[in-house]
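Here is query36.csv, consisting of CSV, C-alpha atoms:
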```csv
chain,number,residue,atom,x,y,z
L,1,MET,CA,16.6,-21.1,-3.6
L,2,ARG,CA,13.2,-22.4,-4.6
L,3,LEU,CA,10.0,-20.5,-4.0
L,4,PHE,CA,6.7,-22.3,-4.3
L,5,LEU,CA,3.4,-20.5,-5.2
L,6,LEU,CA,0.7,-22.8,-3.9
L,7,PRO,CA,-2.9,-21.7,-4.7
L,8,VAL,CA,-4.9,-22.8,-1.7
L,9,SER,CA,-8.1,-21.5,-3.4
L,10,THR,CA,-8.8,-19.6,-6.5
L,11,ARG,CA,-8.3,-16.3,-4.7
L,12,ARG,CA,-5.8,-17.2,-1.9
L,13,THR,CA,-2.2,-18.3,-2.4
L,14,LEU,CA,0.5,-19.6,0.0
L,15,ILE,CA,4.1,-18.7,-0.7
L,16,TYR,CA,6.8,-21.0,0.6
L,17,CYS,CA,10.6,-20.8,0.4
L,18,GLU,CA,12.6,-24.0,0.6
L,19,ARG,CA,14.9,-23.8,3.6
L,20,VAL,CA,18.5,-24.0,2.7
L,21,GLN,CA,21.4,-24.5,5.1
L,22,GLU,CA,23.6,-21.5,4.3
L,23,ALA,CA,26.1,-21.8,7.2
L,24,VAL,CA,29.7,-22.5,6.1
L,25,GLN,CA,31.0,-25.7,7.6
L,26,GLY,CA,32.9,-24.9,10.8
L,27,ALA,CA,31.5,-21.4,11.0
L,28,PRO,CA,29.3,-20.6,14.1
L,29,GLN,CA,25.6,-20.2,13.6
L,30,PRO,CA,24.1,-16.7,14.0
L,31,ILE,CA,22.9,-16.2,17.5
L,32,SER,CA,19.3,-15.8,16.3
L,33,GLU,CA,19.4,-19.3,14.7
L,34,ARG,CA,20.9,-20.8,17.9
L,35,ILE,CA,18.1,-19.3,20.0
L,36,ILE,CA,15.5,-20.6,17.6
L,37,ASN,CA,17.0,-24.1,17.5
L,38,LYS,CA,17.2,-24.2,21.3
L,39,ALA,CA,13.6,-23.0,21.6
L,40,SER,CA,12.5,-25.7,19.1
L,41,GLN,CA,14.3,-28.4,21.0
L,42,THR,CA,12.8,-27.3,24.3
L,43,TRP,CA,9.3,-27.1,22.8
L,44,ALA,CA,9.7,-30.6,21.3
L,45,GLN,CA,10.7,-32.0,24.7
L,46,TRP,CA,7.7,-30.3,26.4
L,47,GLU,CA,5.4,-31.8,23.8
L,48,LYS,CA,6.5,-35.3,24.8
L,49,ALA,CA,5.6,-34.8,28.5
L,50,GLU,CA,2.6,-36.8,29.5
L,51,ARG,CA,1.2,-34.2,31.9
L,52,GLY,CA,2.1,-31.0,33.8
L,53,TRP,CA,2.3,-27.4,32.8
L,54,GLN,CA,4.8,-28.1,30.0
L,55,LYS,CA,2.2,-30.4,28.2
L,56,THR,CA,-0.6,-27.9,28.8
L,57,LEU,CA,1.5,-25.0,27.5
L,58,THR,CA,2.4,-26.9,24.3
L,59,VAL,CA,-1.3,-27.9,23.7
L,60,TYR,CA,-2.6,-24.3,23.9
L,61,GLY,CA,0.6,-23.0,22.2
L,62,ASN,CA,0.1,-25.2,19.1
L,63,GLN,CA,-3.5,-24.0,18.9
L,64,ILE,CA,-2.3,-20.4,18.9
L,65,PHE,CA,0.3,-21.2,16.2
L,66,MET,CA,-2.4,-22.6,14.0
L,67,ARG,CA,-4.3,-19.3,14.3
L,68,ILE,CA,-1.3,-17.2,13.1
L,69,PRO,CA,-2.1,-16.2,9.5
L,70,TYR,CA,-0.6,-18.6,6.9
L,71,GLU,CA,0.6,-15.5,5.0
L,72,GLU,CA,2.9,-14.6,7.9
L,73,TRP,CA,4.3,-18.2,8.1
L,74,GLY,CA,4.9,-18.0,4.3
L,75,LEU,CA,6.8,-14.7,4.4
L,76,LYS,CA,8.8,-16.0,7.4
L,77,SER,CA,10.1,-18.9,5.3
L,78,ILE,CA,11.8,-16.3,3.0
L,79,PRO,CA,15.3,-15.1,4.1
L,80,PRO,CA,15.2,-11.6,5.6
L,81,ALA,CA,16.3,-8.6,3.5
L,82,THR,CA,19.6,-7.9,5.3
L,83,LYS,CA,22.1,-5.7,3.6
L,84,ARG,CA,24.4,-8.7,3.0
L,85,LYS,CA,21.5,-10.8,1.6
L,86,LEU,CA,20.4,-8.0,-0.8
L,87,GLN,CA,24.0,-7.6,-2.0
L,88,ASP,CA,24.4,-11.3,-2.6
L,89,VAL,CA,21.1,-11.4,-4.6
L,90,ASP,CA,22.1,-8.4,-6.7
L,91,GLU,CA,25.5,-10.0,-7.5
L,92,GLY,CA,23.9,-13.2,-8.5
L,93,LYS,CA,25.4,-15.3,-5.6
L,94,ILE,CA,21.8,-16.3,-4.6
L,95,ARG,CA,19.3,-17.2,-7.3
L,96,PHE,CA,15.6,-17.7,-6.8
L,97,GLU,CA,13.3,-19.9,-8.9
L,98,CYS,CA,9.6,-19.8,-8.4
L,99,LEU,CA,7.6,-23.0,-9.1
L,100,TYR,CA,3.8,-22.7,-9.7
L,101,PRO,CA,1.1,-25.0,-11.2
L,102,GLY,CA,0.6,-23.5,-14.6
L,103,ALA,CA,-2.7,-25.3,-15.3
L,104,PHE,CA,-4.2,-23.7,-12.2
L,105,MET,CA,-2.5,-20.3,-12.3
L,106,LYS,CA,-2.0,-18.1,-15.3
L,107,GLN,CA,1.6,-17.2,-16.1
L,108,HIS,CA,0.9,-13.5,-16.5
L,109,LYS,CA,-0.5,-13.4,-13.0
L,110,VAL,CA,2.6,-14.9,-11.2
L,111,SER,CA,4.6,-11.6,-10.9
L,112,GLU,CA,1.4,-9.8,-9.8
L,113,ILE,CA,0.7,-12.4,-7.1
L,114,LEU,CA,4.4,-12.3,-5.9
L,115,GLN,CA,4.2,-8.5,-5.7
L,116,ARG,CA,1.0,-8.6,-3.7
L,117,LEU,CA,2.2,-11.2,-1.3
L,118,ALA,CA,5.4,-9.2,-0.8
L,119,THR,CA,3.8,-5.8,0.0
L,120,GLU,CA,0.2,-6.2,1.2
L,121,ARG,CA,1.1,-7.0,4.9
L,122,GLN,CA,4.3,-5.0,5.4
L,123,ALA,CA,2.6,-2.1,7.2
L,124,PHE,CA,0.7,-4.6,9.4
L,125,HIS,CA,3.8,-6.6,10.4
L,126,LYS,CA,5.8,-3.4,11.1
L,127,LYS,CA,3.1,-2.1,13.4
L,128,LYS,CA,2.6,-5.4,15.2
L,129,MET,CA,6.4,-5.9,15.6
L,130,TRP,CA,6.8,-2.5,17.4
L,131,THR,CA,3.6,-3.1,19.5
L,132,SER,CA,5.0,-6.5,20.7
L,133,LEU,CA,8.3,-4.9,21.6
L,134,ALA,CA,6.6,-2.0,23.4
L,135,TRP,CA,4.6,-4.5,25.7
L,136,ILE,CA,7.7,-6.6,26.6
L,137,PRO,CA,8.7,-4.4,29.6
L,138,ALA,CA,5.2,-4.9,31.1
L,139,THR,CA,5.9,-8.6,31.3
L,140,LEU,CA,9.0,-8.4,33.5
L,141,PRO,CA,7.2,-8.6,36.8
L,142,PHE,CA,6.0,-12.1,35.8
L,143,ALA,CA,9.7,-13.2,36.1
L,144,VAL,CA,9.3,-13.5,39.9
L,145,VAL,CA,6.8,-16.4,39.6
L,146,PRO,CA,8.7,-19.5,40.7
L,147,ILE,CA,9.2,-22.6,38.5
L,148,VAL,CA,7.0,-21.5,35.6
L,149,PRO,CA,8.9,-19.4,32.9
L,150,ASN,CA,7.8,-15.9,32.1
L,151,ILE,CA,5.4,-17.0,29.4
L,152,PRO,CA,4.1,-13.5,28.4
L,153,PHE,CA,7.6,-12.3,27.9
L,154,PHE,CA,8.6,-15.2,25.7
L,155,TYR,CA,5.4,-15.0,23.7
L,156,LEU,CA,5.8,-11.3,23.0
L,157,CYS,CA,9.5,-12.0,22.0
L,158,PHE,CA,8.3,-14.7,19.7
L,159,ARG,CA,5.6,-12.5,18.1
L,160,ALA,CA,8.0,-9.6,17.7
L,161,TYR,CA,10.6,-11.8,16.0
L,162,SER,CA,7.9,-13.5,13.9
L,163,HIS,CA,6.6,-10.1,12.6
L,164,PHE,CA,10.2,-9.0,12.0
L,165,ARG,CA,10.9,-12.1,9.8
L,166,ALA,CA,7.6,-11.7,7.9
L,167,LEU,CA,8.3,-8.0,7.3
L,168,TYR,CA,11.9,-8.5,6.1
L,169,GLY,CA,11.0,-11.6,4.2
L,170,GLY,CA,8.4,-9.6,2.3
L,171,ARG,CA,11.0,-6.9,1.7
L,172,LEU,CA,13.4,-9.4,0.1
L,173,LEU,CA,10.6,-10.8,-2.1
L,174,GLU,CA,9.6,-7.2,-3.1
L,175,HIS,CA,13.3,-6.5,-4.0
L,176,LEU,CA,13.4,-9.7,-6.1
L,177,VAL,CA,10.2,-8.9,-8.0
L,178,ARG,CA,11.1,-5.2,-8.5
L,179,LYS,CA,14.4,-6.2,-10.1
L,180,SER,CA,13.0,-9.2,-12.0
L,181,LEU,CA,15.4,-11.6,-10.2
L,182,VAL,CA,12.9,-14.5,-9.9
L,183,THR,CA,12.9,-17.2,-12.6
L,184,THR,CA,9.3,-18.5,-12.8
L,185,THR,CA,8.8,-22.1,-13.8
L,186,ASP,CA,5.5,-23.8,-14.9
L,187,SER,CA,5.8,-27.0,-12.9
L,188,GLN,CA,4.2,-30.1,-14.5
L,189,GLN,CA,4.9,-31.9,-11.2
L,190,MET,CA,2.7,-29.4,-9.3
L,191,ASP,CA,0.0,-29.7,-12.0
L,192,GLU,CA,-0.1,-33.4,-11.5
L,193,LEU,CA,-0.3,-33.1,-7.7
L,194,TYR,CA,-3.1,-30.5,-7.8
L,195,ALA,CA,-5.1,-32.5,-10.2
L,196,ALA,CA,-4.7,-35.7,-8.2
L,197,GLY,CA,-5.8,-33.9,-5.1
L,198,LEU,CA,-8.9,-32.7,-6.8
L,199,LEU,CA,-9.7,-36.0,-8.4
L,200,HIS,CA,-9.4,-38.3,-5.4
L,201,PRO,CA,-11.3,-38.2,-2.1
L,202,ASN,CA,-8.4,-39.1,0.2
L,203,ARG,CA,-4.6,-39.4,0.5
L,204,GLU,CA,-4.6,-43.2,0.0
L,205,GLY,CA,-6.6,-43.0,-3.2
L,206,SER,CA,-4.4,-40.2,-4.6
L,207,ARG,CA,-1.1,-41.9,-3.6
L,208,GLY,CA,-2.1,-45.3,-5.2
L,209,ALA,CA,-3.5,-43.9,-8.4
L,210,PRO,CA,-1.4,-43.2,-11.6
L,211,ARG,CA,-0.4,-39.6,-12.3
L,212,PRO,CA,-3.0,-37.6,-14.2
L,213,SER,CA,-2.4,-37.1,-17.9
L,214,GLU,CA,-2.1,-33.7,-19.5
L,215,ASP,CA,-5.7,-34.0,-20.8
L,216,VAL,CA,-7.0,-34.9,-17.4
L,217,ILE,CA,-5.2,-32.0,-15.8
L,218,GLN,CA,-6.7,-29.5,-18.3
L,219,THR,CA,-10.1,-31.0,-17.7
L,220,VAL,CA,-9.8,-30.7,-13.9
L,221,ALA,CA,-8.5,-27.1,-14.3
L,222,GLY,CA,-11.5,-26.3,-16.5
L,223,ILE,CA,-14.0,-27.7,-14.0
L,224,VAL,CA,-12.4,-25.5,-11.2
L,225,GLU,CA,-12.6,-22.5,-13.5
L,226,ALA,CA,-16.3,-23.2,-14.1
L,227,GLN,CA,-17.0,-23.5,-10.4
L,228,THR,CA,-15.8,-19.9,-9.8
L,229,ASN,CA,-18.8,-18.6,-11.8
L,230,GLY,CA,-16.7,-16.2,-13.8
L,231,GLY,CA,-14.4,-15.4,-10.9
L,232,LYS,CA,-17.2,-14.5,-8.5
L,233,GLU,CA,-16.8,-17.5,-6.2
L,234,ASP,CA,-13.8,-18.6,-4.2
L,235,VAL,CA,-13.2,-22.4,-4.8
L,236,MET,CA,-10.8,-24.6,-2.8
L,237,MET,CA,-7.9,-26.1,-4.8
L,238,LEU,CA,-6.1,-28.0,-2.0
L,239,GLN,CA,-7.4,-30.3,0.7
L,240,ARG,CA,-5.8,-30.8,4.1
L,241,TRP,CA,-4.6,-34.3,3.4
L,242,ASN,CA,-2.9,-33.2,0.1
L,243,GLY,CA,-0.2,-31.2,1.9
L,244,LYS,CA,1.6,-34.4,2.9
L,245,LEU,CA,1.7,-35.7,-0.7
L,246,ILE,CA,3.0,-32.4,-2.1
L,247,ALA,CA,5.7,-32.2,0.7
L,248,GLU,CA,6.7,-35.8,0.0
L,249,ASP,CA,6.9,-35.3,-3.7
L,250,PHE,CA,9.3,-32.3,-3.3
L,251,HIS,CA,11.2,-33.9,-0.4
L,252,LEU,CA,10.3,-31.0,1.9
L,253,PRO,CA,8.6,-32.5,5.0
L,254,GLU,CA,8.5,-29.1,6.7
L,255,MET,CA,6.1,-27.8,3.9
L,256,GLU,CA,3.3,-30.2,5.1
L,257,ILE,CA,2.3,-28.2,8.1
L,258,GLU,CA,2.4,-24.9,6.2
L,259,ILE,CA,-0.1,-26.3,3.6
L,260,GLU,CA,-2.3,-27.8,6.2
L,261,ARG,CA,-2.5,-24.6,8.2
L,262,ALA,CA,-3.2,-22.5,5.1
L,263,VAL,CA,-6.0,-24.9,4.0
L,264,GLU,CA,-7.7,-24.9,7.4
L,265,GLN,CA,-7.6,-21.1,7.6
L,266,VAL,CA,-8.9,-20.6,4.0
L,267,GLU,CA,-11.7,-23.2,4.5
L,268,GLN,CA,-12.8,-21.4,7.6
L,269,ALA,CA,-12.7,-18.0,5.8
L,270,ILE,CA,-14.8,-19.2,2.9
L,271,LYS,CA,-17.2,-20.9,5.4
L,272,GLN,CA,-17.6,-17.7,7.3
L,273,LYS,CA,-18.1,-15.7,4.1
L,274,ASP,CA,-20.8,-18.1,2.9
L,275,GLU,CA,-22.6,-18.0,6.3
L,276,LEU,CA,-22.5,-14.2,6.3
L,277,ALA,CA,-23.9,-14.1,2.8
L,278,GLU,CA,-26.7,-16.5,3.7
L,279,GLU,CA,-27.5,-14.4,6.8
L,280,LYS,CA,-27.7,-11.2,4.8
L,281,LYS,CA,-29.9,-13.0,2.3
L,282,GLU,CA,-32.3,-14.1,5.0
L,283,VAL,CA,-32.4,-10.6,6.5
L,284,MET,CA,-33.2,-9.2,3.1
L,285,GLU,CA,-35.9,-11.7,2.4
L,286,THR,CA,-37.5,-10.9,5.8
L,287,LYS,CA,-37.5,-7.2,5.1
L,288,VAL,CA,-39.1,-7.8,1.7
L,289,HIS,CA,-41.7,-10.0,3.2
L,290,ASN,CA,-42.5,-7.4,5.9
L,291,ALA,CA,-42.7,-4.7,3.4
L,292,GLU,CA,-45.1,-6.7,1.3
L,293,LYS,CA,-47.3,-7.3,4.4
L,294,VAL,CA,-47.4,-3.6,5.2
L,295,ASP,CA,-48.2,-2.8,1.5
L,296,ASP,CA,-51.1,-5.3,1.6
L,297,SER,CA,-52.5,-3.9,4.8
L,298,ASN,CA,-52.5,-0.4,3.4
L,299,ARG,CA,-54.5,-1.4,0.4
```
Would you mind writing the structure in this file as structure tokens?
Amino acid sequence: MRLFLLPVSTRRTLIYCERVQEAVQGAPQPISERIINKASQTWAQWEKAERGWQKTLTVYGNQIFMRIPYEEWGLKSIPPATKRKLQDVDEGKIRFECLYPGAFMKQHKVSEILQRLATERQAFHKKKMWTSLAWIPATLPFAVVPIVPNIPFFYLCFRAYSHFRALYGGRLLEHLVRKSLVTTTDSQQMDELYAAGLLHPNREGSRGAPRPSEDVIQTVAGIVEAQTNGGKEDVMMLQRWNGKLIAEDFHLPEMEIEIERAVEQVEQAIKQKDELAEEKKEVMETKVHNAEKVDDSNR
């Protein structure tokens, strides 16, 4: 299986695991997979509706999905740490390779980043999973509402399962890192895609331009490093439109939405941080100005 470490900014990284169809031909799918596939098909049908509660539900639902932290979606893409899965990993039946852009991410930091992504949210997902399960009985009275499905019930089921997958995806990743079972690969392909995204203003310009040379890649990486002001500033490394190009280049169309979601959330987080810093600066300047006025009046 392939893992992708995708630095969204100089401080925030998305992890994504390539989805691989593991079911043996002729063998029945696990019930959880059948439920997910059925739910996905139903949701897609509702999205196509021109009007009605189905269309309204999918519009608001997709807005909620975009607000779910990208870290959760990334961990959910990793297979859960079931007893069978851990055994297969330890016996070498399943191997993991991690690709990362070496020009924009130092090799010695890869294992550290993987360990952090695996463990930093485990307690959170465990707590939220049990909280969602605990609230499910309270939604049962909504089942008497005619025509419209019990939306609160299905939402809590979805959130409980989502936190479960993120929790156990993180545990599998932690297991892999702890036992050094991940082969890390400095991807020239990712370097080229990152540099192209930083060089060009839009998708069309990037797609039509020749691939950046090694010298250009190193120059771009140096510019990004300089913009961090010695690591003090968080600098964006991906743009929303770049997700499609990366997904296309690795033939992973489902990766596009994961990158776009992560970029949007990180951009918003950086913007809020900058606004807060500016607000604090203005407050401090006002206090200093008032203090000077008081000092002058006392003279």
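Shortest atom-to-atom contact with Lys83 (chain L) among L:Leu172, L:Met66, L:Leu193, L:Ala103: L:Leu172, counting only C-alpha atoms.
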Give me the region 131-159 of chain L side of the contact with region 115-126 of chain L, cut-off 12 Å, one line per residue showing its nearest atom pair and distance in Å at one decimal, counting all atoms listed in the file, sorted by chain and residue number, as a Markdown table.
```
| residue | atom | partner | partner_atom | distance |
| --- | --- | --- | --- | --- |
| L:Thr131 | CA | L:Lys126 | CA | 8.7 |
| L:Ser132 | CA | L:Lys126 | CA | 10.1 |
| L:Leu133 | CA | L:Lys126 | CA | 10.9 |
| L:Arg159 | CA | L:His125 | CA | 9.9 |
```
Report as JSON, numbers by chain all protein, DNA and RNA residues lying within 12 Å of Phe4 (chain L), evaluated on only C-alpha atoms, omitting residues in the same chain fewer than 3 positions from it. {"L": [1, 7, 8, 13, 14, 15, 16, 17, 18, 19, 74, 75, 77, 78, 96, 97, 98, 99, 100, 101, 110, 113, 114, 182, 183, 184, 185, 186, 187, 189, 190, 246, 247, 250, 252, 255, 258, 259]}
Would you work out the distance separating CA of Pro212 (chain L) from CA of Ala195 (chain L), expressed in Å to one decimal?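 The value is 6.8 Å.
Atom pair CA of Ile257 (chain L) / CA of Val224 (chain L): separated by 24.4 Å.
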Can you tell me how far CA of Arg203 (chain L) sits from CA of Gly61 (chain L), in Å to one decimal?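 Separation of CA of Arg203 (chain L) and CA of Gly61 (chain L): 27.7 Å.
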